[in-house]
$ cat query_16.cif   # mmCIF, C-alpha atoms
data_structure
#
loop_
_atom_site.label_atom_id
_atom_site.label_comp_id
_atom_site.auth_asym_id
_atom_site.auth_seq_id
_atom_site.Cartn_x
_atom_site.Cartn_y
_atom_site.Cartn_z
CA MET N 222 14.82 16.77 19.52
CA LEU N 223 12.36 14.68 21.50
CA ILE N 224 10.07 12.16 19.83
CA SER N 225 7.52 12.87 22.58
CA ARG N 226 7.27 16.53 21.53
CA GLN N 227 5.10 16.23 18.45
CA VAL N 228 1.91 17.98 17.35
CA ILE N 229 -0.50 17.28 14.47
CA THR N 230 -2.77 19.92 12.98
CA ALA N 231 -5.23 19.33 10.11
CA LYS N 232 -7.59 21.52 8.09
CA ILE N 233 -9.87 20.97 5.09
CA GLU N 234 -8.59 22.50 1.85
CA SER N 235 -10.72 24.85 -0.26
CA THR N 236 -8.74 23.80 -3.35
CA TYR N 237 -7.06 20.42 -3.72
CA ASN N 238 -3.34 20.45 -2.82
CA THR N 239 -3.41 24.10 -1.75
CA ASP N 240 -2.07 24.63 1.76
CA ALA N 241 -5.00 25.30 4.09
CA VAL N 242 -2.59 26.57 6.78
CA PRO N 243 -3.89 24.71 9.84
CA VAL N 244 -3.26 26.60 13.07
CA ALA N 245 -3.07 25.82 16.78
CA THR N 246 -6.86 25.49 17.09
CA ASP N 247 -6.78 22.80 14.36
CA ALA N 248 -4.65 20.53 16.57
CA ILE N 249 -5.67 16.87 16.93
CA LEU N 250 -4.81 14.72 19.93
CA VAL N 251 -3.13 11.60 18.57
CA GLU N 252 -1.40 8.42 19.69
CA ASP N 253 0.97 5.97 17.94
CA LEU N 254 2.23 8.59 15.48
CA THR N 255 4.31 7.47 12.48
CA SER N 256 5.41 10.29 10.18
CA TYR N 257 7.30 10.80 6.92
CA ALA N 258 6.88 7.31 5.48
CA SER N 259 7.45 7.51 1.73
CA GLU N 260 4.65 6.43 -0.61
CA GLY N 261 5.46 5.64 -4.25
CA LEU N 262 9.07 6.75 -3.87
CA ARG N 263 10.88 6.88 -7.22
CA MET N 264 14.65 6.41 -7.29
CA ILE N 265 15.87 6.03 -10.87
CA GLU N 266 18.54 3.40 -11.36
CA ARG N 267 21.20 3.94 -14.03
CA PRO N 268 22.51 0.52 -15.13
CA ALA N 269 24.93 1.93 -17.69
CA ILE N 270 27.57 -0.33 -19.26
CA ARG N 271 30.96 1.04 -18.27
CA ALA N 272 34.57 0.03 -17.87
CA ASN N 273 34.09 -0.75 -14.17
CA ILE N 274 31.38 -2.54 -12.24
CA SER N 275 30.66 0.15 -9.64
CA PRO N 276 27.15 1.64 -9.69
CA LEU N 277 26.16 5.13 -10.72
CA GLN N 278 24.26 7.33 -8.29
CA GLN N 279 20.47 6.90 -8.40
CA VAL N 280 18.30 9.93 -9.16
CA TYR N 281 15.45 11.06 -6.91
CA ALA N 282 12.27 11.48 -8.98
CA GLY N 283 9.53 12.31 -6.52
CA ARG N 284 7.47 10.80 -3.75
CA LEU N 285 4.33 11.15 -1.71
CA ALA N 286 4.30 10.66 2.05
CA THR N 287 2.01 9.12 4.63
CA VAL N 288 1.34 9.95 8.25
CA SER N 289 -0.36 7.37 10.48
CA PHE N 290 -1.82 7.74 13.95
CA SER N 291 -4.77 6.83 16.15
CA SER N 292 -7.15 9.25 17.83
CA GLU N 293 -9.95 9.21 20.37
CA VAL N 294 -13.44 9.35 18.88
CA LYS N 295 -15.45 11.83 20.93
CA GLY N 296 -17.89 14.67 20.51
CA SER N 297 -17.10 18.38 20.51
CA GLY N 298 -19.06 19.00 23.70
CA ALA N 299 -21.79 20.86 21.82
CA ALA N 300 -24.46 19.02 19.82
CA GLY N 301 -24.43 20.09 16.19
CA THR N 302 -20.78 21.22 16.34
CA ALA N 303 -18.25 19.10 14.43
CA PRO N 304 -15.83 16.98 16.48
CA GLU N 305 -12.06 17.40 16.58
CA LEU N 306 -11.62 14.70 13.90
CA ASP N 307 -13.95 16.41 11.38
CA ALA N 308 -11.25 17.24 8.80
CA LEU N 309 -9.90 13.68 8.90
CA PHE N 310 -13.30 12.00 8.53
CA ARG N 311 -14.05 14.21 5.53
CA ALA N 312 -10.63 13.60 3.95
CA CYS N 313 -11.29 9.86 4.29
CA GLY N 314 -14.26 10.14 1.93
CA PHE N 315 -17.05 10.78 4.44
CA ALA N 316 -19.47 13.64 3.87
CA SER N 317 -20.85 15.44 6.90
CA THR N 318 -24.46 16.42 7.50
CA VAL N 319 -24.94 19.05 10.19
CA VAL N 320 -28.24 19.63 11.99
CA VAL N 321 -27.77 22.84 13.97
CA SER N 322 -27.70 22.29 17.75
CA THR N 323 -28.58 18.62 17.22
CA SER N 324 -26.12 16.39 15.36
CA VAL N 325 -23.23 15.91 12.96
CA THR N 326 -23.41 12.71 10.92
CA TYR N 327 -20.79 11.22 8.60
CA ASN N 328 -21.66 8.94 5.66
CA PRO N 329 -19.46 7.57 2.86
CA ALA N 330 -19.52 9.61 -0.35
CA SER N 331 -18.92 8.43 -3.92
CA THR N 332 -18.13 11.90 -5.28
CA GLY N 333 -16.98 15.28 -4.06
CA HIS N 334 -14.26 13.91 -1.82
CA GLU N 335 -12.53 16.60 0.19
CA SER N 336 -8.83 16.84 1.01
CA CYS N 337 -6.93 18.29 3.92
CA THR N 338 -3.58 19.81 4.80
CA ILE N 339 -1.70 18.18 7.68
CA TYR N 340 1.17 19.80 9.55
CA THR N 341 3.37 17.52 11.66
CA TYR N 342 5.61 19.26 14.17
CA LEU N 343 8.58 17.37 15.59
CA ASP N 344 10.04 19.59 18.28
CA GLY N 345 11.77 22.19 16.07
CA LEU N 346 10.89 20.74 12.65
CA LEU N 347 7.72 21.22 10.61
CA THR N 348 6.67 18.94 7.74
CA LYS N 349 3.68 19.90 5.59
CA LEU N 350 1.49 17.44 3.70
CA THR N 351 -1.07 18.85 1.29
CA GLY N 352 -3.77 17.20 -0.79
CA CYS N 353 -4.17 14.51 1.87
CA ARG N 354 -6.77 11.78 1.63
CA GLY N 355 -6.75 8.58 3.59
CA THR N 356 -8.15 5.49 5.23
CA VAL N 357 -9.70 4.90 8.64
CA THR N 358 -10.49 1.96 10.90
CA TYR N 359 -12.33 1.90 14.23
CA ALA N 360 -11.74 -0.20 17.34
CA LEU N 361 -14.32 -0.53 20.11
CA GLU N 362 -13.55 -2.68 23.15
CA THR N 363 -15.34 -2.98 26.47
CA GLY N 364 -13.90 -0.75 29.18
CA SER N 365 -11.84 1.30 26.74
CA LYS N 366 -12.51 4.32 24.52
CA ILE N 367 -13.42 4.37 20.83
CA MET N 368 -10.27 4.71 18.74
CA ALA N 369 -9.95 5.63 15.09
CA SER N 370 -6.74 4.77 13.24
CA PHE N 371 -5.87 6.93 10.23
CA THR N 372 -3.33 6.60 7.44
CA MET N 373 -3.25 9.81 5.42
CA THR N 374 -1.38 10.19 2.11
CA GLY N 375 -0.41 13.51 0.55
CA HIS N 376 2.13 15.65 -1.26
CA VAL N 377 5.05 16.42 1.02
CA ALA N 378 7.44 19.33 1.44
CA ASN N 379 10.87 18.92 3.02
CA PRO N 380 10.98 19.67 6.77
CA ALA N 381 11.65 23.27 7.77
CA ASP N 382 13.07 24.66 11.01
CA THR N 383 9.96 25.92 12.80
CA ALA N 384 9.16 26.26 16.49
CA ILE N 385 6.57 23.77 17.66
CA VAL N 386 3.09 25.26 17.81
CA THR N 387 1.27 25.55 21.13
CA PRO N 388 -1.79 23.40 20.40
CA THR N 389 -5.36 24.02 21.50
CA TYR N 390 -7.02 20.65 21.95
CA ASP N 391 -10.69 19.91 22.42
CA SER N 392 -11.10 19.37 26.17
CA THR N 393 -14.00 16.91 25.80
CA VAL N 394 -13.32 13.60 27.55
CA PRO N 395 -14.22 10.47 25.52
CA ALA N 396 -17.07 8.30 26.78
CA PRO N 397 -16.02 4.83 28.01
CA LEU N 398 -17.33 1.77 26.23
CA ILE N 399 -19.68 0.58 28.94
CA ASN N 400 -23.49 0.60 29.10
CA VAL N 401 -23.60 0.43 25.28
CA PRO N 402 -26.81 -1.11 23.87
CA PHE N 403 -25.25 -3.13 21.06
CA ALA N 404 -27.76 -4.89 18.79
CA VAL N 405 -27.78 -7.13 15.73
CA GLY N 406 -31.24 -6.78 14.27
CA ALA N 407 -33.63 -7.34 17.16
CA TYR N 408 -31.06 -9.36 19.14
CA SER N 409 -29.04 -7.68 21.91
CA ALA N 410 -25.76 -9.55 21.52
CA ILE N 411 -23.26 -9.75 24.39
CA ILE N 412 -19.91 -8.74 22.92
CA ASN N 413 -16.49 -7.57 24.03
CA ALA N 414 -15.26 -5.88 20.87
CA LEU N 415 -16.35 -4.44 17.54
CA SER N 416 -13.95 -3.49 14.77
CA LEU N 417 -14.71 -1.61 11.56
CA ASP N 418 -12.50 -1.07 8.51
CA MET N 419 -13.68 1.20 5.69
CA GLY N 420 -11.49 -0.70 3.20
CA THR N 421 -10.69 2.47 1.28
CA THR N 422 -8.65 2.22 -1.91
CA LEU N 423 -6.43 5.19 -2.70
CA SER N 424 -5.09 5.88 -6.18
CA THR N 425 -1.85 7.85 -6.63
CA PRO N 426 -1.60 8.36 -10.41
CA PRO N 427 1.48 9.84 -12.08
CA ASP N 428 1.46 13.40 -13.47
CA ILE N 429 4.45 14.49 -15.53
CA SER N 430 3.63 18.17 -14.96
CA ALA N 431 3.51 17.91 -11.16
CA THR N 432 6.55 19.00 -9.14
CA ASP N 433 6.65 15.61 -7.37
CA GLY N 434 5.50 13.60 -10.40
CA PHE N 435 2.19 12.62 -8.77
CA GLY N 436 -1.31 13.80 -9.55
CA GLU N 437 -4.29 14.02 -7.25
CA VAL N 438 -4.55 11.40 -4.51
CA ARG N 439 -7.97 9.89 -5.17
CA ILE N 440 -10.39 7.67 -3.30
CA THR N 441 -11.50 5.11 -5.88
CA ALA N 442 -13.32 2.37 -3.94
CA TYR N 443 -14.55 1.11 -0.58
CA ALA N 444 -14.59 -2.51 0.59
CA PRO N 445 -15.86 -2.09 4.16
CA THR N 446 -15.54 -4.94 6.64
CA GLY N 447 -15.88 -5.52 10.34
CA SER N 448 -16.07 -8.13 13.05
CA TYR N 449 -17.63 -8.72 16.45
CA ASP N 450 -17.48 -11.48 19.07
CA PRO N 451 -20.89 -12.42 20.53
CA GLU N 452 -21.39 -15.03 23.21
CA THR N 453 -22.85 -18.23 21.76
CA VAL N 454 -26.56 -18.80 22.28
CA THR N 455 -29.16 -21.30 21.11
CA VAL N 456 -30.28 -21.23 17.51
CA ALA N 457 -33.75 -20.30 18.73
CA THR N 458 -32.29 -17.18 20.36
CA GLU N 459 -30.14 -16.07 17.41
CA ASP N 460 -29.33 -18.18 14.37
CA PHE N 461 -25.84 -16.94 13.46
CA PHE N 462 -25.02 -19.83 11.13
CA GLY N 463 -28.44 -19.74 9.50
CA ASP N 464 -27.97 -16.06 8.65
CA PHE N 465 -24.45 -16.79 7.40
CA THR N 466 -25.35 -19.64 5.06
CA ALA N 467 -28.54 -17.96 3.82
CA GLY N 468 -26.75 -14.69 3.10
CA ASN N 469 -29.16 -12.73 5.27
CA THR N 470 -28.20 -9.12 5.95
CA LYS N 471 -28.34 -7.74 9.47
CA VAL N 472 -28.70 -4.25 10.90
CA ILE N 473 -25.86 -3.61 13.36
CA THR N 474 -25.99 -0.65 15.72
CA THR N 475 -24.11 0.38 18.81
CA GLY N 476 -26.84 2.60 20.16
CA LEU N 477 -25.63 5.74 21.90
CA ILE N 478 -22.14 5.63 23.37
CA GLY N 479 -22.04 8.27 26.09
CA SER N 480 -24.88 10.09 27.79
CA ALA N 481 -23.94 13.80 27.71
CA ALA N 482 -25.36 15.94 24.91
CA GLY N 483 -22.56 16.94 22.56
CA ASN N 484 -20.55 13.84 23.46
CA ARG N 485 -22.73 10.97 22.30
CA VAL N 486 -21.49 8.73 19.48
CA LYS N 487 -23.39 6.12 17.49
CA PHE N 488 -22.43 3.68 14.72
CA ASP N 489 -25.11 2.31 12.39
CA ILE N 490 -24.64 -0.36 9.71
CA PRO N 491 -27.86 -0.95 7.72
CA LYS N 492 -26.77 -4.11 5.90
CA ALA N 493 -24.06 -6.41 7.22
CA PHE N 494 -23.52 -9.88 5.83
CA TYR N 495 -21.47 -12.55 7.58
CA THR N 496 -18.36 -13.81 5.77
CA ASP N 497 -17.40 -16.54 8.24
CA ILE N 498 -18.03 -17.75 11.80
CA SER N 499 -15.59 -19.48 14.12
CA LEU N 500 -15.66 -20.59 17.75
CA ALA N 501 -13.45 -19.02 20.42
CA ASP N 502 -13.00 -18.97 24.20
CA ARG N 503 -13.40 -15.80 26.29
CA ASP N 504 -12.68 -16.42 29.96
CA GLY N 505 -14.15 -19.90 29.71
CA VAL N 506 -17.25 -18.71 27.87
CA ALA N 507 -17.89 -19.89 24.31
CA VAL N 508 -18.05 -17.03 21.82
CA TYR N 509 -18.21 -16.66 18.07
CA GLU N 510 -15.79 -14.62 16.00
CA VAL N 511 -17.99 -13.10 13.31
CA PRO N 512 -16.36 -11.19 10.43
CA PHE N 513 -18.75 -9.34 8.15
CA GLY N 514 -18.96 -7.13 5.09
CA MET N 515 -21.07 -4.00 4.71
CA VAL N 516 -23.17 -2.88 1.76
CA ASP N 517 -25.37 0.11 0.99
CA ASN N 518 -29.03 0.17 1.85
CA ALA N 519 -30.15 3.24 -0.10
CA GLY N 520 -26.82 4.38 -1.58
CA ASP N 521 -23.70 5.78 0.12
CA ASP N 522 -24.85 4.59 3.52
CA PHE N 523 -23.01 1.34 4.31
CA MET N 524 -22.11 2.94 7.65
CA SER N 525 -22.98 6.14 9.45
CA LEU N 526 -21.20 7.75 12.38
CA ALA N 527 -23.32 10.24 14.30
CA PHE N 528 -22.36 12.73 17.02
CA THR N 529 -25.24 14.15 19.04
#
$ encode --input "query_16.cif" --output "structure tokens"
Amino acid sequence: MLISRQVITAKIESTYNTDAVPVATDAILVEDLTSYASEGLRMIERPAIRANISPLQQVYAGRLATVSFSSEVKGSGAAGTAPELDALFRACGFASTVVVSTSVTYNPASTGHESCTIYTYLDGLLTKLTGCRGTVTYALETGSKIMASFTMTGHVANPADTAIVTPTYDSTVPAPLINVPFAVGAYSAIINALSLDMGTTLSTPPDISATDGFGEVRITAYAPTGSYDPETVTVATEDFFGDFTAGNTKVITTGLIGSAAGNRVKFDIPKAFYTDISLADRDGVAVYEVPFGMVDNAGDDFMSLAFT
């Protein structure tokens, strides 16, 4: 079996932990795939006092599993139609708002979190994860493409011999990270990279009645953070340290990434606060490394991701 012959499919569940049966058209183009990692594995030790000092066999008592990968962030090609990553965004705690023929926007939700089923095909093996919820981070770097990195946790079934599915991927090509009007408040900062981490906390509580001994995988908190690396400027131009020490919040926006309708992406952060500032060197140019936290402005809106 070839490690290069793998396919991921994902679909939102109507009922938590009930197989949504994702099919070929639910395939997601991924990179850096890591599958089958155990989460919360329970192996019961048996330290009985006996006549010899050899151990007794441990007993398997259930586990969850994680699958991790990165994916291109791109539109569907049609404004108002959800992108390829829709099921994953929603299973990471983001609710979608669809404006027909116009946009699909994702915002963090405090309640009503959805779950998804993920199938991972490895050549002739199929592993199913149900009741999946997860975490996501974003990486934006000049001259590259927007990447989202996911770690999804769910209830796992043992692999089964199954022919690899013939996937149908979205043919939309991601927009490059050039000509992006990045702004911090009213200041158009010159940056190379922006990173965003939703800081999602997952809870995996025990359940004695569950076949794997685990209850519902739950999203219980967010602690969103990010960072960017602006070129240094005079205080009169932009007072980074003044905003840091005063605790001022800043609006951070990428503006539209991409120019074609149906494949335009935009990140908006209504209230970012700096958590530190340090000096760095980028090709002989002085830059700041600026980590920040994110907080709500009007509730469940510390970040929005819009596709138009």
$ resolve_selection --input "query_16.cif" --expression "the PyMOL selection byres ((chain N and resi 520) around 12)" --output "list in words"
Asn328, Pro329, Ala330, Ser331, Pro491, Lys492, Met515, Val516, Asp517, Asn518, Ala519, Asp521, Asp522, Phe523, Met524 and Ser525 of chain N
$ write_last_selection --input "query_16.cif" --atoms "C-alpha atoms" --output "mmCIF file, in the coordinates of the input"
data_model
loop_
_atom_site.group_PDB
_atom_site.id
_atom_site.type_symbol
_atom_site.label_atom_id
_atom_site.label_comp_id
_atom_site.auth_asym_id
_atom_site.auth_seq_id
_atom_site.Cartn_x
_atom_site.Cartn_y
_atom_site.Cartn_z
ATOM 1 C CA ASN N 328 -21.660 8.940 5.660
ATOM 2 C CA PRO N 329 -19.460 7.570 2.860
ATOM 3 C CA ALA N 330 -19.520 9.610 -0.350
ATOM 4 C CA SER N 331 -18.920 8.430 -3.920
ATOM 5 C CA PRO N 491 -27.860 -0.950 7.720
ATOM 6 C CA LYS N 492 -26.770 -4.110 5.900
ATOM 7 C CA MET N 515 -21.070 -4.000 4.710
ATOM 8 C CA VAL N 516 -23.170 -2.880 1.760
ATOM 9 C CA ASP N 517 -25.370 0.110 0.990
ATOM 10 C CA ASN N 518 -29.030 0.170 1.850
ATOM 11 C CA ALA N 519 -30.150 3.240 -0.100
ATOM 12 C CA ASP N 521 -23.700 5.780 0.120
ATOM 13 C CA ASP N 522 -24.850 4.590 3.520
ATOM 14 C CA PHE N 523 -23.010 1.340 4.310
ATOM 15 C CA MET N 524 -22.110 2.940 7.650
ATOM 16 C CA SER N 525 -22.980 6.140 9.450
#
$ residues_around --input "query_16.cif" --residues "region 312-315 of chain N" --least-positions-apart "2" --cutoff "7 Å" --atoms "only C-alpha atoms" --output "compact mmCIF listing (two decimals) with C-alpha atoms, in the frame of the given file"
# COMPACT_ATOMS: atom_id res chain seq x y z
CA ALA N 308 -11.25 17.24 8.80
CA LEU N 309 -9.90 13.68 8.90
CA PHE N 310 -13.30 12.00 8.53
CA SER N 317 -20.85 15.44 6.90
CA TYR N 327 -20.79 11.22 8.60
CA ASN N 328 -21.66 8.94 5.66
CA PRO N 329 -19.46 7.57 2.86
CA ALA N 330 -19.52 9.61 -0.35
CA HIS N 334 -14.26 13.91 -1.82
CA GLU N 335 -12.53 16.60 0.19
CA SER N 336 -8.83 16.84 1.01
CA CYS N 337 -6.93 18.29 3.92
CA CYS N 353 -4.17 14.51 1.87
CA ARG N 354 -6.77 11.78 1.63
CA GLY N 355 -6.75 8.58 3.59
CA THR N 356 -8.15 5.49 5.23
CA VAL N 357 -9.70 4.90 8.64
CA ILE N 440 -10.39 7.67 -3.30
$ resolve_selection --input "query_16.cif" --expression "the PyMOL selection byres ((chain N and resi 286) around 6)" --output "VMD selection string"
chain N and resid 257 to 260 285 287 374 to 375 377
$ closest_atom_pairs --input "query_16.cif" --of "region 222-319 of chain N" --to "region 394-416 of chain N" --cutoff "12 Å" --atoms "all atoms listed in the file" --output "CSV"
residue,atom,partner,partner_atom,distance
N:Leu250,CA,N:Val394,CA,11.5
N:Ser292,CA,N:Pro395,CA,10.5
N:Glu293,CA,N:Pro395,CA,6.8
N:Val294,CA,N:Pro395,CA,6.8
N:Lys295,CA,N:Pro395,CA,4.9
N:Gly296,CA,N:Pro395,CA,7.5
N:Ser297,CA,N:Val394,CA,9.3
N:Gly298,CA,N:Val394,CA,8.8
N:Pro304,CA,N:Pro395,CA,11.3
N:Glu305,CA,N:Pro395,CA,11.5
$ residues_near_point --input "query_16.cif" --point "(-12.8, 3.8, -2.1)" --cutoff "8 Å" --atoms "all atoms listed in the file" --output "NGL selection string"
:N and (314 or 331 or 420-423 or 440-444)
$ residues_near_point --input "query_16.cif" --point "(-3.0, 18.8, -2.3)" --cutoff "9 Å" --atoms "all atoms listed in the file" --output "tab-separated table (two decimals) with C-alpha atoms, in the frame of the given file"
chain	number	residue	atom	x	y	z
N	234	GLU	CA	-8.59	22.50	1.85
N	236	THR	CA	-8.74	23.80	-3.35
N	237	TYR	CA	-7.06	20.42	-3.72
N	238	ASN	CA	-3.34	20.45	-2.82
N	239	THR	CA	-3.41	24.10	-1.75
N	240	ASP	CA	-2.07	24.63	1.76
N	336	SER	CA	-8.83	16.84	1.01
N	337	CYS	CA	-6.93	18.29	3.92
N	338	THR	CA	-3.58	19.81	4.80
N	350	LEU	CA	1.49	17.44	3.70
N	351	THR	CA	-1.07	18.85	1.29
N	352	GLY	CA	-3.77	17.20	-0.79
N	353	CYS	CA	-4.17	14.51	1.87
N	354	ARG	CA	-6.77	11.78	1.63
N	375	GLY	CA	-0.41	13.51	0.55
N	376	HIS	CA	2.13	15.65	-1.26
N	436	GLY	CA	-1.31	13.80	-9.55
N	437	GLU	CA	-4.29	14.02	-7.25
N	438	VAL	CA	-4.55	11.40	-4.51
$ residues_around --input "query_16.cif" --residues "Pro512 (chain N)" --least-positions-apart "6" --cutoff "8 Å" --atoms "all atoms listed in the file" --output "list in words"
Thr446, Gly447, Ser448, Tyr449, Tyr495, Thr496, Asp497 and Ile498 of chain N
$ resolve_selection --input "query_16.cif" --expression "the PyMOL selection byres ((chain N and resi 222) around 12)" --output "PyMOL selection string"
chain N and resi 223-227+342-346+382+384-385
$ atom_distance --input "query_16.cif" --atom1 "CA of Thr393 (chain N)" --atom2 "CA of Asn484 (chain N)"
7.6 Å
$ atom_distance --input "query_16.cif" --atom1 "CA of Phe494 (chain N)" --atom2 "CA of Ala360 (chain N)"
19.1 Å
$ atom_distance --input "query_16.cif" --atom1 "CA of Ala316 (chain N)" --atom2 "CA of Val244 (chain N)"
22.7 Å
$ decode --input "query_16.cif" --residues "region 386-409 of chain N" --atoms "N, CA and C atoms" --output "PDB file, in the first residue's frame"
ATOM      1  N   VAL N 386     -11.723   5.350  -2.942  1.00  0.00           N
ATOM      2  CA  VAL N 386     -12.737   6.052  -3.719  1.00  0.00           C
ATOM      3  C   VAL N 386     -12.065   6.901  -4.791  1.00  0.00           C
ATOM      4  N   THR N 387     -12.769   7.126  -5.891  1.00  0.00           N
ATOM      5  CA  THR N 387     -12.282   8.043  -6.917  1.00  0.00           C
ATOM      6  C   THR N 387     -12.828   9.421  -6.594  1.00  0.00           C
ATOM      7  N   PRO N 388     -11.986  10.323  -6.064  1.00  0.00           N
ATOM      8  CA  PRO N 388     -12.493  11.583  -5.525  1.00  0.00           C
ATOM      9  C   PRO N 388     -12.869  12.591  -6.607  1.00  0.00           C
ATOM     10  N   THR N 389     -13.813  13.445  -6.266  1.00  0.00           N
ATOM     11  CA  THR N 389     -14.162  14.596  -7.105  1.00  0.00           C
ATOM     12  C   THR N 389     -13.792  15.848  -6.325  1.00  0.00           C
ATOM     13  N   TYR N 390     -12.701  16.483  -6.715  1.00  0.00           N
ATOM     14  CA  TYR N 390     -12.236  17.671  -6.017  1.00  0.00           C
ATOM     15  C   TYR N 390     -12.778  18.928  -6.673  1.00  0.00           C
ATOM     16  N   ASP N 391     -12.902  19.975  -5.869  1.00  0.00           N
ATOM     17  CA  ASP N 391     -13.231  21.289  -6.401  1.00  0.00           C
ATOM     18  C   ASP N 391     -12.056  21.741  -7.269  1.00  0.00           C
ATOM     19  N   SER N 392     -12.348  22.149  -8.500  1.00  0.00           N
ATOM     20  CA  SER N 392     -11.279  22.511  -9.439  1.00  0.00           C
ATOM     21  C   SER N 392     -10.810  23.952  -9.305  1.00  0.00           C
ATOM     22  N   THR N 393     -11.409  24.721  -8.379  1.00  0.00           N
ATOM     23  CA  THR N 393     -11.015  26.114  -8.191  1.00  0.00           C
ATOM     24  C   THR N 393      -9.543  26.204  -7.774  1.00  0.00           C
ATOM     25  N   VAL N 394      -8.824  27.125  -8.366  1.00  0.00           N
ATOM     26  CA  VAL N 394      -7.411  27.329  -8.048  1.00  0.00           C
ATOM     27  C   VAL N 394      -7.301  28.431  -6.992  1.00  0.00           C
ATOM     28  N   PRO N 395      -6.544  28.211  -5.905  1.00  0.00           N
ATOM     29  CA  PRO N 395      -6.462  29.226  -4.852  1.00  0.00           C
ATOM     30  C   PRO N 395      -5.782  30.500  -5.336  1.00  0.00           C
ATOM     31  N   ALA N 396      -6.240  31.625  -4.810  1.00  0.00           N
ATOM     32  CA  ALA N 396      -5.630  32.912  -5.157  1.00  0.00           C
ATOM     33  C   ALA N 396      -4.301  33.057  -4.437  1.00  0.00           C
ATOM     34  N   PRO N 397      -3.274  33.593  -5.108  1.00  0.00           N
ATOM     35  CA  PRO N 397      -1.981  33.801  -4.442  1.00  0.00           C
ATOM     36  C   PRO N 397      -2.049  34.992  -3.497  1.00  0.00           C
ATOM     37  N   LEU N 398      -1.203  34.973  -2.502  1.00  0.00           N
ATOM     38  CA  LEU N 398      -1.154  36.060  -1.533  1.00  0.00           C
ATOM     39  C   LEU N 398      -0.244  37.181  -2.040  1.00  0.00           C
ATOM     40  N   ILE N 399      -0.752  37.883  -3.011  1.00  0.00           N
ATOM     41  CA  ILE N 399      -0.139  39.105  -3.532  1.00  0.00           C
ATOM     42  C   ILE N 399      -1.263  40.105  -3.781  1.00  0.00           C
ATOM     43  N   ASN N 400      -0.915  41.384  -3.805  1.00  0.00           N
ATOM     44  CA  ASN N 400      -1.910  42.437  -4.033  1.00  0.00           C
ATOM     45  C   ASN N 400      -3.030  42.375  -2.990  1.00  0.00           C
ATOM     46  N   VAL N 401      -2.644  42.095  -1.736  1.00  0.00           N
ATOM     47  CA  VAL N 401      -3.612  41.990  -0.638  1.00  0.00           C
ATOM     48  C   VAL N 401      -3.566  43.276   0.180  1.00  0.00           C
ATOM     49  N   PRO N 402      -4.666  43.991   0.311  1.00  0.00           N
ATOM     50  CA  PRO N 402      -4.671  45.269   1.041  1.00  0.00           C
ATOM     51  C   PRO N 402      -4.789  45.085   2.552  1.00  0.00           C
ATOM     52  N   PHE N 403      -3.725  44.627   3.173  1.00  0.00           N
ATOM     53  CA  PHE N 403      -3.725  44.376   4.613  1.00  0.00           C
ATOM     54  C   PHE N 403      -3.740  45.690   5.391  1.00  0.00           C
ATOM     55  N   ALA N 404      -4.577  45.762   6.430  1.00  0.00           N
ATOM     56  CA  ALA N 404      -4.678  47.004   7.202  1.00  0.00           C
ATOM     57  C   ALA N 404      -4.863  46.705   8.679  1.00  0.00           C
ATOM     58  N   VAL N 405      -4.259  47.554   9.499  1.00  0.00           N
ATOM     59  CA  VAL N 405      -4.450  47.547  10.952  1.00  0.00           C
ATOM     60  C   VAL N 405      -5.061  48.893  11.304  1.00  0.00           C
ATOM     61  N   GLY N 406      -6.358  48.896  11.587  1.00  0.00           N
ATOM     62  CA  GLY N 406      -7.048  50.165  11.729  1.00  0.00           C
ATOM     63  C   GLY N 406      -6.984  50.927  10.416  1.00  0.00           C
ATOM     64  N   ALA N 407      -6.546  52.166  10.479  1.00  0.00           N
ATOM     65  CA  ALA N 407      -6.432  52.983   9.268  1.00  0.00           C
ATOM     66  C   ALA N 407      -5.051  52.871   8.627  1.00  0.00           C
ATOM     67  N   TYR N 408      -4.149  52.074   9.240  1.00  0.00           N
ATOM     68  CA  TYR N 408      -2.774  51.997   8.766  1.00  0.00           C
ATOM     69  C   TYR N 408      -2.582  50.783   7.865  1.00  0.00           C
ATOM     70  N   SER N 409      -2.053  51.002   6.673  1.00  0.00           N
ATOM     71  CA  SER N 409      -1.769  49.916   5.730  1.00  0.00           C
ATOM     72  C   SER N 409      -0.370  49.387   6.001  1.00  0.00           C
TER      73      SER N 409
END
